[in-house]
Structures are given as C-alpha cells and as structure tokens.
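Contents: one structure, followed by commentary.
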Amino acid sequence: MLGYSFGELGSIFAMQAFAGLILFSVFVLMALGLAIIFGQMGVINMAHGEFMILGAYMTYLCSHLFSAYLPGLYSIYFFVAMIVAFIASGALGLLVEWGLIRHLYRRPLDTLLATWGLSLFLQQAYRSTFGAREVGVELPNWMMGSTNLSDTIQIPINGIFVMVLTLLITLAVYLLIYRSRWGCQVRAVVQNRTMAGAVGINTEKVDRYTFGIGCGIAGIAGSAFTMIGSTGPTAGQLYIVDTFLVVVFGGAQSLLGTIASAFTISQAQSTMEFFLSGSMAKVLALLAVVGILMLRPQGLFVLKVRR
Amino acid sequence: MTSRDHRTQLHSATRRKLLIGMAAVPTAALLSRVARAAGPATAAVNTTGLAVTDDTVTVGILHSVTGTMAISETGSVEAEKLAIDQINKSGGVLGRQIKFIQEDGASDWPTFAEKARKLLVNDKVASVFGCWTSASRKAVLPVFEQYDGILYYPTFYEGLEQSKNVFYEGQEATQQIIAGLNWIVKEKGAKSFYLLGSDYIWPRTSNKIARKHIENFLKLQVVGEEYFPLGSTEFNSVINKIKLKKPDVIYAIIVGGSNVAFYKQLRAAGIDLVNKQNLLTISVTEDEILGIGGENIVGAYAAMKYFQSLDNPTNKAFVKAFKDMWGQKSVIGDVTQAAYEGPWLWKLAVEKAGSFDTDKVIAASPGIELNAPEGTVRIHENHHLWSKTRIGRARADGQYDVIYETAELVEPNPFPKGYQ
C-alpha cells in the first residue's frame, strides 16, 4: 500500500465500506422473500430465483411500455415496475401454492423436487416468451452513474437506491409479521399448526398468503437487481445459492438472524475480495459459513419453541 | 493445384442471388439439377459409408438450444443454417444438396458426447458443425477421434489443442490477445494493466498469455489479476481496487451474466470508458451487448476478428441475408460469423478433395482460402485459421466502430512458445 496518500486510502476505505453495505442490502433483499417462505412455512422453494426473474422481466416490460406510451413518465417507471413485479410474482406464488405446494406440506423433500421442477419449467417458459438471450433493461438516467461525496469518494446511485429499498421492505416485513394481526396468525401457525387451527385460524389461507407475499418480495428484489445484474431465463440460478446460504446461516425462522447473517457474509466477502481475489473470497466465505454451521447447526439465531 | 483455384466467390454468388431476387429460387433448383446430373458417382466420392446419396449429403449441427448456453449458441445455429441454405441454392456440394440433422447438446457436456456419437455412428453424417464452450468440445473430441468424424468449431478459445478431426474457425488465444495488446500500447501509450476474468480455463489461459506478453515482451506492468466465479454479480470491491491502482488499461475477460453486472457497476461507480479509462476486452461481442445495454459499455475496446459493422461487400451481403432469414433485429457477433464459415470451408475442402471421405477432406483442407465476411481466411496446417485481428470501439447503439485491423493475416499458434 506504499505510494498512496492518506487521503486516497481514506476514500478507498469509505468506498469499500459502501461496497460492503450495498452487498449487504442485496443479500437481505434476495433473502427476505425466502426467509418468509422457508423460515415461516418450512418450504424449500428452489424456484425462488425464478420468481425474482419474473420481477426482472416485468421491469423490462414496463420500461418498454413506458418508453412507447408514456415517455413523459419514463423517469419514474421503475417505481411502477416494482409494484407490477410484486403483484405478478405474488399472484404466481398464490397460484403455485394452490396448485402445487399445499399438496406437499407433509412431504418436505417432495417440495424440494417439485419446486426444482417448477424452476426448470419457469426457465423454459421465459426462454420461449422472451428468447434465450439476455435482455437489456434500460434505466432512467438519474438512476445511473454515481454521486460524489468528495473529490475522490464516488458512491453508485443504484447502490444507494438498493439500500433504501431494502430498509423500507425490511421495515414493512417486520411490521407485517411482528406488529399486525395477520403476522400474529402466521407466527401462531409456525409454532403449532394444529393448535392454531383449533383456535379458529384458517391455516390454509395463512399459508397461501404467506407464500404469495414471500414470492412478491422476491419479485421486487428481482426488479431491483436489473440495476446491477443480468436479466435472462437462467439468471435466477445465480442468486439461489447465496439466498439459501444467508437464510440457513441466519437461522431459518428468525428475521433478525437473516439480517445478521447477510451482514456477516457480505462484510466478510467484500473485505476479503478487496485483499484477496474474487474467487478466493467466495471460497473462504463459504468455508467460514460451513465451519460456523458445524458448531451451530441451527444457524446464528434460534427461535426457542417448545415442541 | 494452388490454393488460389479454391478461393470461392462467395460474395459474387450472394450478389447474384440478390439481383435475381425471387426468380433465383427456381433457377437455382434448375442449376442444381443440372449440376447433380454432372456430379460424380456416389461410389466414387463416398467409400466409407457416409450418409451420401446420388443427390444429397447429410451433415450434423450440434449446439445447445436449451439450457444456459442457448443464449450464446443460438446465433451459431442460425449462421450454419444460413450457410447451408446458400450453398444449396448455389448448387450444393459435388452436385449434392446438403441436408442437416440438428441435435441439442442441452448445455450439458455428456449430452454433447452422446449426441456426437449418435450423429457419427447412427446418422453417418459427413461432417458436424457444432460445440461452443471448450468443455463441450473436450467432451466430444474423443468421439470424433474414435469414429473419425470432422468437427467445425466456431468459438474463439484458449488454444493448447490440435486434433486431426477438428477445424477451429475461431481465433486461438494468441491471435486475439497479442495484436490487441500491441495496439493499445502503441496507440494509447498504456503502461499498466489490470487483468480480470471469469474463473475457468479460457479466461485463465488467456490472461496467462496476456501477462507473459505484457511482462516479458512489452516490458510493462501488470498491477492486478483477478477471477470471479461464473455468474458472480458483485464487482464493487474490485472496482474500488481498480480505482486505487489506476491501471492504464482494464483487460477484461468476463463472460455470461457476470458481464452485465460488471459493466453496469463499472458505469455506476463513475468510471468513464469514453474519456478517461481504457478498457480492452476479448469476450464481449455484439451478442453480449444486447444483454449489457450499449449505454453501459460505450467506449470500451474489443479485440476480435469480426465485427458486424465491417465495411466490405461480402459482409454487407452476409448481414442482409442473415437478417432476411432470422429477423431484422438479429445481431451478428464474432462467433456467429465464424460459424457461418464452417459449411463453406467444408464445401471447399470436399470439392478440392473430390470426395466426402473424411481422410481426403482433412488432407485437402490446409491451404484452402475463403473470402468470408471478415475478409480472406486460410486454413493452416494446424487446422486453425489465418485471420486478421481487429479492434472495435463500442458504440451506444450496441455496435462497434472498427478502428484498426492488422495489416497481415495473423498466424494461428495454438502452442505458443514462451507463453506457457
């Protein structure tokens, strides 16, 4: 590190801290939907990435519709696109729960296979609809580029956007699960399904909407990721491993655990990426996760439940 | 016979077709019928039991049209079908119309091997146009060697391979890398380089060659070299490192979905490829830019042998024919053009050999010249192509401006001494 001034090193340090925070936001955003589905319902949803990509394709469609019919509103199309993505992925989620998942609640391993099949099915559906090639999603100009905090510190605007979005959605999920009547029912069903049913909670309905909301959040995440990643039929596969990693490492049933684990993994990875190389950082991060899971098989945070 | 006799007038054939327009179809059919009658007897041109009849010859097309690689391989399939179609309209090969059997490798390497065996053993195809990734080529190689087939392979690749049964239409690594590096050092006065790549054999081997060339031959400096898992979408940390080390050139060999993430984040981080930072890539063709978005990569330099915007009559006719066949929106990248050369090179070799027999076709191939859309190419004894290397600069509309080409054809050198 010789030959650099303190000012330069300071700027790099600041930018690197932001890079870590952005990665953290990305991880939280992609894991939240799954944390609800896997954590609250115990469904291993291998098609999670495809629900995200549905959101990305919705964004792609919206950008085309707006530039063709509403060019005046183009600069804010992204907000509309995120709502459309939530509705589309959520609706597909409800449909899938009704047609597939609800028949398999007592057979978790079969759910894994069924959702894996669903992911292949969706990939081919995207390929047939949108073509095998990746599509480029154009963004309004204000979302591209960077903002200068000082002469040498540049922060990507889309990174800040993802951070704010993550914060809002996390807050919304928290309120929904821990502060709303519906969330209370969800938690009751998680803790004891039979008992929840006995006190008059419609467990089937709770399950359906939980799954739908989880998928809807995945759709929003997918929509946001068009800013940083690619949109193609198989792009969802890029996220699935990291997503499960974050959720499992955090402790499947804990929202706080998901956030803590996303923070740990993202900081470790982005710091190591800076000092080592990209591939090595990934390997070391995975090794660390494996090591910690061996010591704490339930993940970082465990919900204490009497079974 | 000199190789000159076998230089095809591809361009004039295409132009003639354009002039005659729709009337060309019955004429071509008539011509081919005449030619067929004049074609040599099947027993003479096919002594090893290939799928050749008195008026047809069957070839194979083996690419992925499903799975992750479908993104890349679709263009190659389209180009090969176009070439076969054009050859048939101009009279076929030795008076025989080409029929093709298409198999799907499904982005899965064992499937590639199995389908190659099916094409060679069951279908007895005279040659195969196919594969895209090195992994798929390595998987089918033993099959082609065992059953003595011919494979025309379209992709630029890392070199370090040479098989009697394969013709490599893409550039091997040294052709693409060395000319590009020399150009950027000469034109941009570059002194320091930051090498990036996706983590598999092609980027690693290519960067190894690039590093040797930069350090040992140009006596310049490599300030960083890094690899990312395939599909990685997080590049903010390495972008910070690049900002810290301030290399004159970012040398990027990133592929697939990662490409999109990399260029989007580079732009988001305020790195200005148009005015401030030089970036040279060998992995982004016009095909990839469709996904990346032209506005995200504008200003980057690419070193390849072909760009869609090349200004010569053969290329213009090729681009027009391609768009007429596959839609006006289609784009043509380096590999797509190379795939287009396959059926033509095979036709020339068969005609020079006067036979469909694999051994005779292979023996006749070295020295054959083709006037392709990229310009003249020539088959080397090592089964690779002599070809020019060009530098293109990315425009916002997703095309490249060709700003430089080597004066001479660059010799293919799959086993470069001093680079291993």
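Just remember, in the structure tokens the first chain shown is A, the second B, etc., residues are 1-based per chain, and ligands are 1-based in the order shown.
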(message) List the spatial neighbours of Gly75 (chain B) as a PyMOL selection string - criterion: any atom at most 12 Å away, only C-alpha atoms, same-chain residues fewer than 4 positions off excluded.
(response) (chain A and resi 132-133) or (chain B and resi 63-65+69-71+79-82+130+132+154-155+285-288+322-323+326-327+330-340)
(request) List every residue of region 334-416 of chain B that DSSP, applied to the backbone, labels as strand (DSSP E or B), and write the result as number ranges by chain. (result) B: 369-372, 375-379, 384-387, 390-394, 400-405, 410
(request) as a ChimeraX atom specification, list the residues of region 258-301 of chain A assigned to helix (DSSP H, G or I) by DSSP on the backbone atoms of this structure. (result) /A:258-275,278-295
(message) At a cut-off of 9 Å, which residues of chain B touch chain A? Count only C-alpha atoms and give the answer as a PyMOL selection string.
(response) chain B and resi 65-72+74+198-199+225-238+240-241+243-244+256-271+287-295
Selected residues written out, C-alpha atoms, as a PDB file, in the first residue's frame:
ATOM      1  CA  VAL B  65     -30.664 -24.744 -27.943  1.00  0.00           C
ATOM      2  CA  THR B  66     -31.859 -25.299 -24.380  1.00  0.00           C
ATOM      3  CA  GLY B  67     -30.128 -24.581 -21.082  1.00  0.00           C
ATOM      4  CA  THR B  68     -27.758 -21.784 -20.094  1.00  0.00           C
ATOM      5  CA  MET B  69     -25.626 -21.901 -23.238  1.00  0.00           C
ATOM      6  CA  ALA B  70     -28.610 -21.407 -25.540  1.00  0.00           C
ATOM      7  CA  ILE B  71     -28.025 -17.658 -25.129  1.00  0.00           C
ATOM      8  CA  SER B  72     -24.718 -17.934 -26.936  1.00  0.00           C
ATOM      9  CA  THR B  74     -28.407 -19.785 -30.960  1.00  0.00           C
ATOM     10  CA  SER B 198     -14.341 -15.337 -15.052  1.00  0.00           C
ATOM     11  CA  ASP B 199     -12.895 -18.320 -13.261  1.00  0.00           C
ATOM     12  CA  GLU B 225      -5.069 -10.147 -11.852  1.00  0.00           C
ATOM     13  CA  GLU B 226      -8.377 -11.481 -10.559  1.00  0.00           C
ATOM     14  CA  TYR B 227     -11.001 -14.100 -11.241  1.00  0.00           C
ATOM     15  CA  PHE B 228     -14.646 -14.319 -10.298  1.00  0.00           C
ATOM     16  CA  PRO B 229     -16.873 -17.383 -10.093  1.00  0.00           C
ATOM     17  CA  LEU B 230     -19.055 -17.850 -13.169  1.00  0.00           C
ATOM     18  CA  GLY B 231     -22.284 -15.983 -12.596  1.00  0.00           C
ATOM     19  CA  SER B 232     -20.821 -13.681  -9.952  1.00  0.00           C
ATOM     20  CA  THR B 233     -22.736 -10.416  -9.847  1.00  0.00           C
ATOM     21  CA  GLU B 234     -20.740  -8.375  -7.326  1.00  0.00           C
ATOM     22  CA  PHE B 235     -17.895  -6.261  -8.654  1.00  0.00           C
ATOM     23  CA  ASN B 236     -17.884  -3.234  -6.373  1.00  0.00           C
ATOM     24  CA  SER B 237     -14.824  -4.351  -4.399  1.00  0.00           C
ATOM     25  CA  VAL B 238     -12.670  -4.958  -7.432  1.00  0.00           C
ATOM     26  CA  ASN B 240     -12.546   0.057  -5.810  1.00  0.00           C
ATOM     27  CA  LYS B 241      -9.229  -1.733  -6.184  1.00  0.00           C
ATOM     28  CA  LYS B 243      -9.691   2.976  -8.616  1.00  0.00           C
ATOM     29  CA  LEU B 244      -6.846   2.628  -6.140  1.00  0.00           C
ATOM     30  CA  GLY B 256     -22.119 -14.602 -19.328  1.00  0.00           C
ATOM     31  CA  GLY B 257     -24.403 -12.941 -16.809  1.00  0.00           C
ATOM     32  CA  SER B 258     -21.390 -11.553 -14.918  1.00  0.00           C
ATOM     33  CA  ASN B 259     -20.639  -9.354 -17.913  1.00  0.00           C
ATOM     34  CA  VAL B 260     -23.877  -7.471 -17.463  1.00  0.00           C
ATOM     35  CA  ALA B 261     -23.257  -6.907 -13.753  1.00  0.00           C
ATOM     36  CA  PHE B 262     -19.644  -5.871 -14.326  1.00  0.00           C
ATOM     37  CA  TYR B 263     -20.303  -3.172 -16.931  1.00  0.00           C
ATOM     38  CA  LYS B 264     -23.374  -1.833 -15.147  1.00  0.00           C
ATOM     39  CA  GLN B 265     -21.448  -1.490 -11.895  1.00  0.00           C
ATOM     40  CA  LEU B 266     -18.433  -0.025 -13.641  1.00  0.00           C
ATOM     41  CA  ARG B 267     -20.634   2.700 -15.045  1.00  0.00           C
ATOM     42  CA  ALA B 268     -22.476   3.168 -11.746  1.00  0.00           C
ATOM     43  CA  ALA B 269     -19.126   3.629  -9.995  1.00  0.00           C
ATOM     44  CA  GLY B 270     -18.386   6.594 -12.238  1.00  0.00           C
ATOM     45  CA  ILE B 271     -15.647   5.017 -14.354  1.00  0.00           C
ATOM     46  CA  ASP B 287     -24.438 -10.569 -28.896  1.00  0.00           C
ATOM     47  CA  GLU B 288     -23.358  -9.866 -25.333  1.00  0.00           C
ATOM     48  CA  ILE B 289     -24.017  -6.136 -25.667  1.00  0.00           C
ATOM     49  CA  LEU B 290     -27.706  -6.933 -26.198  1.00  0.00           C
ATOM     50  CA  GLY B 291     -27.839  -8.009 -22.565  1.00  0.00           C
ATOM     51  CA  ILE B 292     -25.368  -5.452 -21.196  1.00  0.00           C
ATOM     52  CA  GLY B 293     -27.003  -2.480 -22.870  1.00  0.00           C
ATOM     53  CA  GLY B 294     -24.956  -0.298 -25.231  1.00  0.00           C
ATOM     54  CA  GLU B 295     -25.163   2.714 -22.914  1.00  0.00           C
TER      55      GLU B 295
END
(message) With only C-alpha atoms as the counted atoms, please give the residues lying no more than 9 Å from region 112-117 of chain B, apart from itself and same-chain residues fewer than 6 positions off, as a list in words.
(response)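 My reading of the contact set: Gly60, Leu62, His63, Ser64, Glu103, Asp104, Gly105, Ala106, Val128, Cys131, Ser136, Arg137, Ala139, Val140, Leu141, Pro142, Val143, Phe144 and Tyr147 of chain B.
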Would you list the contacts of Val274 (chain B) as a short mmCIF file (atom, residue, chain, number, x, y, z; two decimals) with N, CA and C atoms, in the first residue's frame, taking every protein, DNA or RNA residue within 10 Å and counting only C-alpha atoms, but skipping same-chain residues closer than 5 positions in sequence?
data_model
loop_
_atom_site.label_atom_id
_atom_site.label_comp_id
_atom_site.auth_asym_id
_atom_site.auth_seq_id
_atom_site.Cartn_x
_atom_site.Cartn_y
_atom_site.Cartn_z
N LEU B 279 -10.50 0.39 -21.56
CA LEU B 279 -10.86 -0.98 -21.22
C LEU B 279 -10.80 -1.80 -22.50
N ILE B 297 -21.64 0.19 -21.88
CA ILE B 297 -20.31 -0.26 -22.29
C ILE B 297 -19.70 0.66 -23.34
N VAL B 298 -20.41 1.72 -23.68
CA VAL B 298 -19.92 2.61 -24.74
C VAL B 298 -18.50 3.10 -24.42
N GLY B 299 -17.62 3.03 -25.42
CA GLY B 299 -16.25 3.47 -25.22
C GLY B 299 -15.26 2.34 -25.01
N ALA B 300 -15.75 1.14 -24.68
CA ALA B 300 -14.82 0.03 -24.45
C ALA B 300 -14.24 -0.46 -25.78
N TYR B 301 -13.01 -0.99 -25.74
CA TYR B 301 -12.39 -1.56 -26.93
C TYR B 301 -12.49 -3.07 -26.89
N ARG B 393 -14.51 -0.27 -31.25
CA ARG B 393 -14.86 0.52 -30.08
C ARG B 393 -16.38 0.54 -29.94
N ALA B 394 -16.87 0.20 -28.75
CA ALA B 394 -18.31 0.04 -28.56
C ALA B 394 -19.04 1.37 -28.69
N ARG B 395 -20.14 1.32 -29.44
CA ARG B 395 -21.00 2.49 -29.57
C ARG B 395 -22.22 2.31 -28.68
#
(message) Considering only C-alpha atoms, can you say which of B:Ala135, B:Val249, B:Ile87, B:Ile150 comes closest to Asp359 (chain B)?
(response) B:Ile150
